[in-house]
Amino acid sequence: MKVLVVDDSSVMRRIIKHVLEDVGIHDITEVEDGEECLNILKLESFDLILLDVHLPFIEDLEILKKIKEDKLSYAKIVVCTVESSKDYIMKAIRYGADDYIVKPFNKKIFKQKILKYKE
């Protein structure tokens, strides 16, 4: 399984990477901003994208909308963000998110969600 981790926090990327490795996922690419995310999706395909939506160079859920509208990826997209309101979560789902994880997350719950997408 090939995973793209998109988060502007190097600490959060490191935490997510360790959790992915704990469940046997080692093909992991990390990017730190929206522009880099969109560029790599034009070059590579992924099975899963773990996407923080508060990123430099693109506003809020616009990155999710752009990935889906421009058909840059057919990967499952799990939004990982601090936004926890029901309205925000529903908006992310409408924009194309397959799942949603609120940060800070419980590692056990995070692993369970990731395992749903592991081949």
# chains A, B, ... in the order shown; residues from 1 in each chain; ligands from 1

call {"tool": "select_by_dssp", "arguments": {"residues": "segment 11-78 of chain A", "states": "strand (DSSP E)", "output": "PyMOL selection string"}}
result
chain A and resi 27-31+48-51+76-78

call {"tool": "residues_around", "arguments": {"residues": "Asp98 of chain A", "least_positions_apart": "4", "cutoff": "6 Å", "atoms": "only C-alpha atoms", "output": "list of chain:residue names"}}
result
A:Lys76, A:Ile77, A:Val78

call {"tool": "write_last_selection", "arguments": {"atoms": "N, CA and C atoms", "output": "PDB file, in the first residue's frame"}}
result
ATOM      1  N   LYS A  76      -8.158   6.707  -1.717  1.00  0.00           N
ATOM      2  CA  LYS A  76      -9.036   7.032  -0.599  1.00  0.00           C
ATOM      3  C   LYS A  76      -8.386   8.194   0.139  1.00  0.00           C
ATOM      4  N   ILE A  77      -9.204   9.144   0.562  1.00  0.00           N
ATOM      5  CA  ILE A  77      -8.681  10.316   1.260  1.00  0.00           C
ATOM      6  C   ILE A  77      -9.274  10.376   2.661  1.00  0.00           C
ATOM      7  N   VAL A  78      -8.373  10.382   3.649  1.00  0.00           N
ATOM      8  CA  VAL A  78      -8.774  10.530   5.038  1.00  0.00           C
ATOM      9  C   VAL A  78      -8.280  11.901   5.502  1.00  0.00           C
TER      10      VAL A  78
END

call {"tool": "select_by_dssp", "arguments": {"residues": "segment 63-100 of chain A", "states": "alpha helix (DSSP H)", "output": "short mmCIF file (atom, residue, chain, number, x, y, z; two decimals) with N, CA and C atoms, in the first residue's frame"}}
result
data_model
loop_
_atom_site.label_atom_id
_atom_site.label_comp_id
_atom_site.auth_asym_id
_atom_site.auth_seq_id
_atom_site.Cartn_x
_atom_site.Cartn_y
_atom_site.Cartn_z
N ILE A 63 -8.04 22.20 -1.02
CA ILE A 63 -7.14 21.16 -1.53
C ILE A 63 -7.90 19.87 -1.82
N LEU A 64 -8.79 19.52 -0.93
CA LEU A 64 -9.61 18.32 -1.14
C LEU A 64 -10.48 18.48 -2.37
N LYS A 65 -11.10 19.62 -2.48
CA LYS A 65 -11.95 19.92 -3.63
C LYS A 65 -11.15 19.84 -4.94
N LYS A 66 -9.95 20.41 -4.93
CA LYS A 66 -9.11 20.43 -6.13
C LYS A 66 -8.68 19.01 -6.52
N ILE A 67 -8.30 18.20 -5.54
CA ILE A 67 -7.88 16.82 -5.83
C ILE A 67 -9.02 16.08 -6.53
N LYS A 68 -10.23 16.24 -6.02
CA LYS A 68 -11.39 15.52 -6.57
C LYS A 68 -11.84 16.11 -7.91
N GLU A 69 -11.96 17.42 -7.99
CA GLU A 69 -12.44 18.05 -9.23
C GLU A 69 -11.48 17.83 -10.39
N LYS A 86 -19.44 19.21 13.44
CA LYS A 86 -20.20 18.32 12.56
C LYS A 86 -20.35 18.95 11.17
N ASP A 87 -20.61 20.25 11.11
CA ASP A 87 -20.75 20.94 9.82
C ASP A 87 -19.48 20.83 8.98
N TYR A 88 -18.34 21.01 9.62
CA TYR A 88 -17.07 20.95 8.91
C TYR A 88 -16.82 19.53 8.38
N ILE A 89 -17.09 18.55 9.23
CA ILE A 89 -16.90 17.16 8.83
C ILE A 89 -17.80 16.82 7.64
N MET A 90 -19.04 17.26 7.70
CA MET A 90 -19.98 17.00 6.60
C MET A 90 -19.53 17.70 5.31
N LYS A 91 -18.98 18.89 5.45
CA LYS A 91 -18.47 19.61 4.28
C LYS A 91 -17.29 18.83 3.66
N ALA A 92 -16.42 18.31 4.49
CA ALA A 92 -15.28 17.52 3.99
C ALA A 92 -15.77 16.28 3.25
N ILE A 93 -16.80 15.65 3.77
CA ILE A 93 -17.37 14.47 3.11
C ILE A 93 -17.98 14.87 1.76
N ARG A 94 -18.69 15.99 1.74
CA ARG A 94 -19.27 16.47 0.48
C ARG A 94 -18.19 16.79 -0.56
#

call {"tool": "residues_around", "arguments": {"residues": "Asp22 of chain A", "least_positions_apart": "6", "cutoff": "12 Å", "atoms": "only C-alpha atoms", "output": "JSON, numbers by chain"}}
result
{"A": [15, 16, 107, 108, 110, 111, 112, 114, 115]}

call {"tool": "write_last_selection", "arguments": {"atoms": "N, CA and C atoms", "output": "PDB file, in the first residue's frame"}}
result
ATOM      1  N   ILE A  15       4.659  11.305  13.605  1.00  0.00           N
ATOM      2  CA  ILE A  15       3.722  10.492  14.389  1.00  0.00           C
ATOM      3  C   ILE A  15       2.906   9.599  13.463  1.00  0.00           C
ATOM      4  N   ILE A  16       2.367  10.187  12.410  1.00  0.00           N
ATOM      5  CA  ILE A  16       1.553   9.413  11.459  1.00  0.00           C
ATOM      6  C   ILE A  16       2.396   8.324  10.805  1.00  0.00           C
ATOM      7  N   LYS A 107      -4.165   6.799  19.024  1.00  0.00           N
ATOM      8  CA  LYS A 107      -3.434   5.931  18.091  1.00  0.00           C
ATOM      9  C   LYS A 107      -4.189   4.647  17.778  1.00  0.00           C
ATOM     10  N   LYS A 108      -4.872   4.090  18.740  1.00  0.00           N
ATOM     11  CA  LYS A 108      -5.611   2.849  18.512  1.00  0.00           C
ATOM     12  C   LYS A 108      -6.735   3.074  17.491  1.00  0.00           C
ATOM     13  N   PHE A 110      -6.883   5.543  15.323  1.00  0.00           N
ATOM     14  CA  PHE A 110      -6.227   5.882  14.059  1.00  0.00           C
ATOM     15  C   PHE A 110      -5.834   4.604  13.322  1.00  0.00           C
ATOM     16  N   LYS A 111      -5.224   3.657  14.030  1.00  0.00           N
ATOM     17  CA  LYS A 111      -4.830   2.388  13.409  1.00  0.00           C
ATOM     18  C   LYS A 111      -6.045   1.650  12.854  1.00  0.00           C
ATOM     19  N   GLN A 112      -7.134   1.626  13.609  1.00  0.00           N
ATOM     20  CA  GLN A 112      -8.342   0.941  13.147  1.00  0.00           C
ATOM     21  C   GLN A 112      -8.849   1.555  11.843  1.00  0.00           C
ATOM     22  N   ILE A 114      -7.102   3.236   9.595  1.00  0.00           N
ATOM     23  CA  ILE A 114      -6.138   2.969   8.530  1.00  0.00           C
ATOM     24  C   ILE A 114      -6.265   1.533   8.037  1.00  0.00           C
ATOM     25  N   LEU A 115      -6.454   0.608   8.957  1.00  0.00           N
ATOM     26  CA  LEU A 115      -6.562  -0.813   8.571  1.00  0.00           C
ATOM     27  C   LEU A 115      -7.744  -1.081   7.656  1.00  0.00           C
TER      28      LEU A 115
END

call {"tool": "residues_around", "arguments": {"residues": "Val79 of chain A", "least_positions_apart": "3", "cutoff": "6 Å", "atoms": "only C-alpha atoms", "output": "PDB file with C-alpha atoms, in the first residue's frame"}}
result
ATOM      1  CA  LEU A  50      -3.867  11.268   4.848  1.00  0.00           C
ATOM      2  CA  LEU A  51      -4.639  14.944   4.408  1.00  0.00           C
ATOM      3  CA  ASP A  52      -4.438  17.826   6.823  1.00  0.00           C
ATOM      4  CA  TYR A 100     -12.217  11.886   8.872  1.00  0.00           C
TER       5      TYR A 100
END

call {"tool": "closest_residue", "arguments": {"among": "A:Val31, A:Leu4, A:Ile109, A:Leu20", "to": "Glu44 of chain A", "atoms": "only C-alpha atoms"}}
result
A:Leu4

call {"tool": "closest_residue", "arguments": {"among": "A:Val19, A:Val53, A:Ile58, A:Val82", "to": "Tyr95 of chain A", "atoms": "only C-alpha atoms"}}
result
A:Val53

call {"tool": "closest_residue", "arguments": {"among": "A:Ile101, A:Leu43, A:Ile28, A:Leu55", "to": "Leu72 of chain A", "atoms": "only C-alpha atoms"}}
result
A:Leu43

call {"tool": "closest_residue", "arguments": {"among": "A:Glu83, A:Asp99, A:Asp70, A:Glu59", "to": "Leu38 of chain A", "atoms": "only C-alpha atoms"}}
result
A:Asp70

call {"tool": "decode", "arguments": {"residues": "segment 8-58 of chain A", "atoms": "N, CA and C atoms", "output": "PDB file, in the first residue's frame"}}
result
ATOM      1  N   ASP A   8       1.589  20.050   7.368  1.00  0.00           N
ATOM      2  CA  ASP A   8       2.652  21.044   7.471  1.00  0.00           C
ATOM      3  C   ASP A   8       3.481  20.889   8.742  1.00  0.00           C
ATOM      4  N   SER A   9       3.065  20.049   9.661  1.00  0.00           N
ATOM      5  CA  SER A   9       3.799  19.812  10.901  1.00  0.00           C
ATOM      6  C   SER A   9       4.696  18.584  10.748  1.00  0.00           C
ATOM      7  N   SER A  10       6.007  18.794  10.871  1.00  0.00           N
ATOM      8  CA  SER A  10       6.932  17.661  10.767  1.00  0.00           C
ATOM      9  C   SER A  10       6.717  16.679  11.920  1.00  0.00           C
ATOM     10  N   VAL A  11       6.342  17.185  13.075  1.00  0.00           N
ATOM     11  CA  VAL A  11       6.062  16.318  14.222  1.00  0.00           C
ATOM     12  C   VAL A  11       4.858  15.420  13.919  1.00  0.00           C
ATOM     13  N   MET A  12       3.791  15.993  13.381  1.00  0.00           N
ATOM     14  CA  MET A  12       2.604  15.208  13.063  1.00  0.00           C
ATOM     15  C   MET A  12       2.900  14.201  11.956  1.00  0.00           C
ATOM     16  N   ARG A  13       3.678  14.591  10.960  1.00  0.00           N
ATOM     17  CA  ARG A  13       4.047  13.643   9.904  1.00  0.00           C
ATOM     18  C   ARG A  13       4.830  12.467  10.489  1.00  0.00           C
ATOM     19  N   ARG A  14       5.721  12.758  11.424  1.00  0.00           N
ATOM     20  CA  ARG A  14       6.511  11.704  12.056  1.00  0.00           C
ATOM     21  C   ARG A  14       5.616  10.760  12.863  1.00  0.00           C
ATOM     22  N   ILE A  15       4.659  11.305  13.605  1.00  0.00           N
ATOM     23  CA  ILE A  15       3.722  10.492  14.389  1.00  0.00           C
ATOM     24  C   ILE A  15       2.906   9.599  13.463  1.00  0.00           C
ATOM     25  N   ILE A  16       2.367  10.187  12.410  1.00  0.00           N
ATOM     26  CA  ILE A  16       1.553   9.413  11.459  1.00  0.00           C
ATOM     27  C   ILE A  16       2.396   8.324  10.805  1.00  0.00           C
ATOM     28  N   LYS A  17       3.610   8.651  10.425  1.00  0.00           N
ATOM     29  CA  LYS A  17       4.496   7.671   9.794  1.00  0.00           C
ATOM     30  C   LYS A  17       4.741   6.490  10.730  1.00  0.00           C
ATOM     31  N   HIS A  18       4.975   6.751  12.002  1.00  0.00           N
ATOM     32  CA  HIS A  18       5.205   5.666  12.968  1.00  0.00           C
ATOM     33  C   HIS A  18       3.973   4.776  13.118  1.00  0.00           C
ATOM     34  N   VAL A  19       2.800   5.384  13.141  1.00  0.00           N
ATOM     35  CA  VAL A  19       1.566   4.594  13.240  1.00  0.00           C
ATOM     36  C   VAL A  19       1.394   3.733  11.991  1.00  0.00           C
ATOM     37  N   LEU A  20       1.657   4.305  10.829  1.00  0.00           N
ATOM     38  CA  LEU A  20       1.555   3.532   9.578  1.00  0.00           C
ATOM     39  C   LEU A  20       2.528   2.352   9.587  1.00  0.00           C
ATOM     40  N   GLU A  21       3.745   2.606  10.027  1.00  0.00           N
ATOM     41  CA  GLU A  21       4.733   1.530  10.091  1.00  0.00           C
ATOM     42  C   GLU A  21       4.311   0.456  11.090  1.00  0.00           C
ATOM     43  N   ASP A  22       3.673   0.857  12.176  1.00  0.00           N
ATOM     44  CA  ASP A  22       3.178  -0.108  13.171  1.00  0.00           C
ATOM     45  C   ASP A  22       2.162  -1.080  12.580  1.00  0.00           C
ATOM     46  N   VAL A  23       1.420  -0.636  11.559  1.00  0.00           N
ATOM     47  CA  VAL A  23       0.427  -1.531  10.934  1.00  0.00           C
ATOM     48  C   VAL A  23       0.961  -2.148   9.631  1.00  0.00           C
ATOM     49  N   GLY A  24       2.268  -2.029   9.424  1.00  0.00           N
ATOM     50  CA  GLY A  24       2.895  -2.704   8.295  1.00  0.00           C
ATOM     51  C   GLY A  24       2.927  -1.935   6.997  1.00  0.00           C
ATOM     52  N   ILE A  25       2.703  -0.637   7.046  1.00  0.00           N
ATOM     53  CA  ILE A  25       2.752   0.193   5.837  1.00  0.00           C
ATOM     54  C   ILE A  25       4.083   0.942   5.831  1.00  0.00           C
ATOM     55  N   HIS A  26       4.881   0.702   4.777  1.00  0.00           N
ATOM     56  CA  HIS A  26       6.210   1.305   4.728  1.00  0.00           C
ATOM     57  C   HIS A  26       6.448   2.157   3.483  1.00  0.00           C
ATOM     58  N   ASP A  27       5.558   2.092   2.511  1.00  0.00           N
ATOM     59  CA  ASP A  27       5.697   2.898   1.299  1.00  0.00           C
ATOM     60  C   ASP A  27       4.975   4.222   1.546  1.00  0.00           C
ATOM     61  N   ILE A  28       5.704   5.153   2.177  1.00  0.00           N
ATOM     62  CA  ILE A  28       5.111   6.397   2.666  1.00  0.00           C
ATOM     63  C   ILE A  28       5.858   7.581   2.065  1.00  0.00           C
ATOM     64  N   THR A  29       5.099   8.501   1.483  1.00  0.00           N
ATOM     65  CA  THR A  29       5.655   9.752   0.976  1.00  0.00           C
ATOM     66  C   THR A  29       5.079  10.875   1.818  1.00  0.00           C
ATOM     67  N   GLU A  30       5.924  11.826   2.201  1.00  0.00           N
ATOM     68  CA  GLU A  30       5.481  12.945   3.028  1.00  0.00           C
ATOM     69  C   GLU A  30       5.646  14.259   2.266  1.00  0.00           C
ATOM     70  N   VAL A  31       4.645  15.127   2.361  1.00  0.00           N
ATOM     71  CA  VAL A  31       4.750  16.492   1.841  1.00  0.00           C
ATOM     72  C   VAL A  31       4.196  17.456   2.882  1.00  0.00           C
ATOM     73  N   GLU A  32       4.630  18.713   2.796  1.00  0.00           N
ATOM     74  CA  GLU A  32       4.281  19.650   3.860  1.00  0.00           C
ATOM     75  C   GLU A  32       3.391  20.815   3.453  1.00  0.00           C
ATOM     76  N   ASP A  33       3.035  20.904   2.193  1.00  0.00           N
ATOM     77  CA  ASP A  33       2.139  21.999   1.825  1.00  0.00           C
ATOM     78  C   ASP A  33       1.245  21.597   0.655  1.00  0.00           C
ATOM     79  N   GLY A  34       0.245  22.421   0.409  1.00  0.00           N
ATOM     80  CA  GLY A  34      -0.744  22.123  -0.612  1.00  0.00           C
ATOM     81  C   GLY A  34      -0.177  22.083  -2.017  1.00  0.00           C
ATOM     82  N   GLU A  35       0.721  22.974  -2.308  1.00  0.00           N
ATOM     83  CA  GLU A  35       1.322  23.029  -3.640  1.00  0.00           C
ATOM     84  C   GLU A  35       2.123  21.757  -3.924  1.00  0.00           C
ATOM     85  N   GLU A  36       2.906  21.341  -2.950  1.00  0.00           N
ATOM     86  CA  GLU A  36       3.705  20.121  -3.085  1.00  0.00           C
ATOM     87  C   GLU A  36       2.795  18.894  -3.247  1.00  0.00           C
ATOM     88  N   CYS A  37       1.693  18.886  -2.520  1.00  0.00           N
ATOM     89  CA  CYS A  37       0.725  17.793  -2.617  1.00  0.00           C
ATOM     90  C   CYS A  37       0.162  17.702  -4.031  1.00  0.00           C
ATOM     91  N   LEU A  38      -0.306  18.797  -4.548  1.00  0.00           N
ATOM     92  CA  LEU A  38      -0.899  18.794  -5.888  1.00  0.00           C
ATOM     93  C   LEU A  38       0.124  18.399  -6.946  1.00  0.00           C
ATOM     94  N   ASN A  39       1.361  18.858  -6.782  1.00  0.00           N
ATOM     95  CA  ASN A  39       2.410  18.517  -7.749  1.00  0.00           C
ATOM     96  C   ASN A  39       2.741  17.033  -7.738  1.00  0.00           C
ATOM     97  N   ILE A  40       2.857  16.440  -6.559  1.00  0.00           N
ATOM     98  CA  ILE A  40       3.213  15.016  -6.496  1.00  0.00           C
ATOM     99  C   ILE A  40       2.068  14.148  -7.013  1.00  0.00           C
ATOM    100  N   LEU A  41       0.829  14.599  -6.830  1.00  0.00           N
ATOM    101  CA  LEU A  41      -0.307  13.817  -7.323  1.00  0.00           C
ATOM    102  C   LEU A  41      -0.378  13.804  -8.850  1.00  0.00           C
ATOM    103  N   LYS A  42       0.267  14.773  -9.477  1.00  0.00           N
ATOM    104  CA  LYS A  42       0.335  14.787 -10.940  1.00  0.00           C
ATOM    105  C   LYS A  42       1.363  13.787 -11.465  1.00  0.00           C
ATOM    106  N   LEU A  43       2.275  13.366 -10.580  1.00  0.00           N
ATOM    107  CA  LEU A  43       3.371  12.486 -10.982  1.00  0.00           C
ATOM    108  C   LEU A  43       3.241  11.048 -10.487  1.00  0.00           C
ATOM    109  N   GLU A  44       2.603  10.883  -9.341  1.00  0.00           N
ATOM    110  CA  GLU A  44       2.537   9.561  -8.713  1.00  0.00           C
ATOM    111  C   GLU A  44       1.119   9.230  -8.300  1.00  0.00           C
ATOM    112  N   SER A  45       0.839   7.942  -8.188  1.00  0.00           N
ATOM    113  CA  SER A  45      -0.467   7.523  -7.676  1.00  0.00           C
ATOM    114  C   SER A  45      -0.278   6.891  -6.299  1.00  0.00           C
ATOM    115  N   PHE A  46      -1.321   7.003  -5.493  1.00  0.00           N
ATOM    116  CA  PHE A  46      -1.303   6.506  -4.122  1.00  0.00           C
ATOM    117  C   PHE A  46      -2.581   5.725  -3.866  1.00  0.00           C
ATOM    118  N   ASP A  47      -2.515   4.855  -2.879  1.00  0.00           N
ATOM    119  CA  ASP A  47      -3.691   4.100  -2.465  1.00  0.00           C
ATOM    120  C   ASP A  47      -4.483   4.851  -1.400  1.00  0.00           C
ATOM    121  N   LEU A  48      -3.768   5.646  -0.606  1.00  0.00           N
ATOM    122  CA  LEU A  48      -4.378   6.364   0.510  1.00  0.00           C
ATOM    123  C   LEU A  48      -3.681   7.695   0.693  1.00  0.00           C
ATOM    124  N   ILE A  49      -4.483   8.735   0.935  1.00  0.00           N
ATOM    125  CA  ILE A  49      -3.940  10.055   1.241  1.00  0.00           C
ATOM    126  C   ILE A  49      -4.452  10.449   2.621  1.00  0.00           C
ATOM    127  N   LEU A  50      -3.519  10.748   3.527  1.00  0.00           N
ATOM    128  CA  LEU A  50      -3.867  11.268   4.848  1.00  0.00           C
ATOM    129  C   LEU A  50      -3.609  12.767   4.773  1.00  0.00           C
ATOM    130  N   LEU A  51      -4.680  13.537   4.803  1.00  0.00           N
ATOM    131  CA  LEU A  51      -4.639  14.944   4.408  1.00  0.00           C
ATOM    132  C   LEU A  51      -5.056  15.892   5.515  1.00  0.00           C
ATOM    133  N   ASP A  52      -4.092  16.686   5.973  1.00  0.00           N
ATOM    134  CA  ASP A  52      -4.438  17.826   6.823  1.00  0.00           C
ATOM    135  C   ASP A  52      -4.912  18.903   5.860  1.00  0.00           C
ATOM    136  N   VAL A  53      -5.964  19.589   6.195  1.00  0.00           N
ATOM    137  CA  VAL A  53      -6.496  20.576   5.252  1.00  0.00           C
ATOM    138  C   VAL A  53      -6.077  22.007   5.573  1.00  0.00           C
ATOM    139  N   HIS A  54      -5.364  22.196   6.657  1.00  0.00           N
ATOM    140  CA  HIS A  54      -4.841  23.530   6.984  1.00  0.00           C
ATOM    141  C   HIS A  54      -3.379  23.564   6.571  1.00  0.00           C
ATOM    142  N   LEU A  55      -3.154  23.952   5.322  1.00  0.00           N
ATOM    143  CA  LEU A  55      -1.830  23.883   4.721  1.00  0.00           C
ATOM    144  C   LEU A  55      -1.421  25.209   4.103  1.00  0.00           C
ATOM    145  N   PRO A  56      -0.113  25.452   4.030  1.00  0.00           N
ATOM    146  CA  PRO A  56       0.361  26.619   3.281  1.00  0.00           C
ATOM    147  C   PRO A  56       0.026  26.476   1.797  1.00  0.00           C
ATOM    148  N   PHE A  57      -0.211  27.576   1.135  1.00  0.00           N
ATOM    149  CA  PHE A  57      -0.416  27.702  -0.306  1.00  0.00           C
ATOM    150  C   PHE A  57      -1.791  27.275  -0.809  1.00  0.00           C
ATOM    151  N   ILE A  58      -2.684  26.880   0.070  1.00  0.00           N
ATOM    152  CA  ILE A  58      -4.042  26.559  -0.364  1.00  0.00           C
ATOM    153  C   ILE A  58      -4.950  26.658   0.853  1.00  0.00           C
TER     154      ILE A  58
END
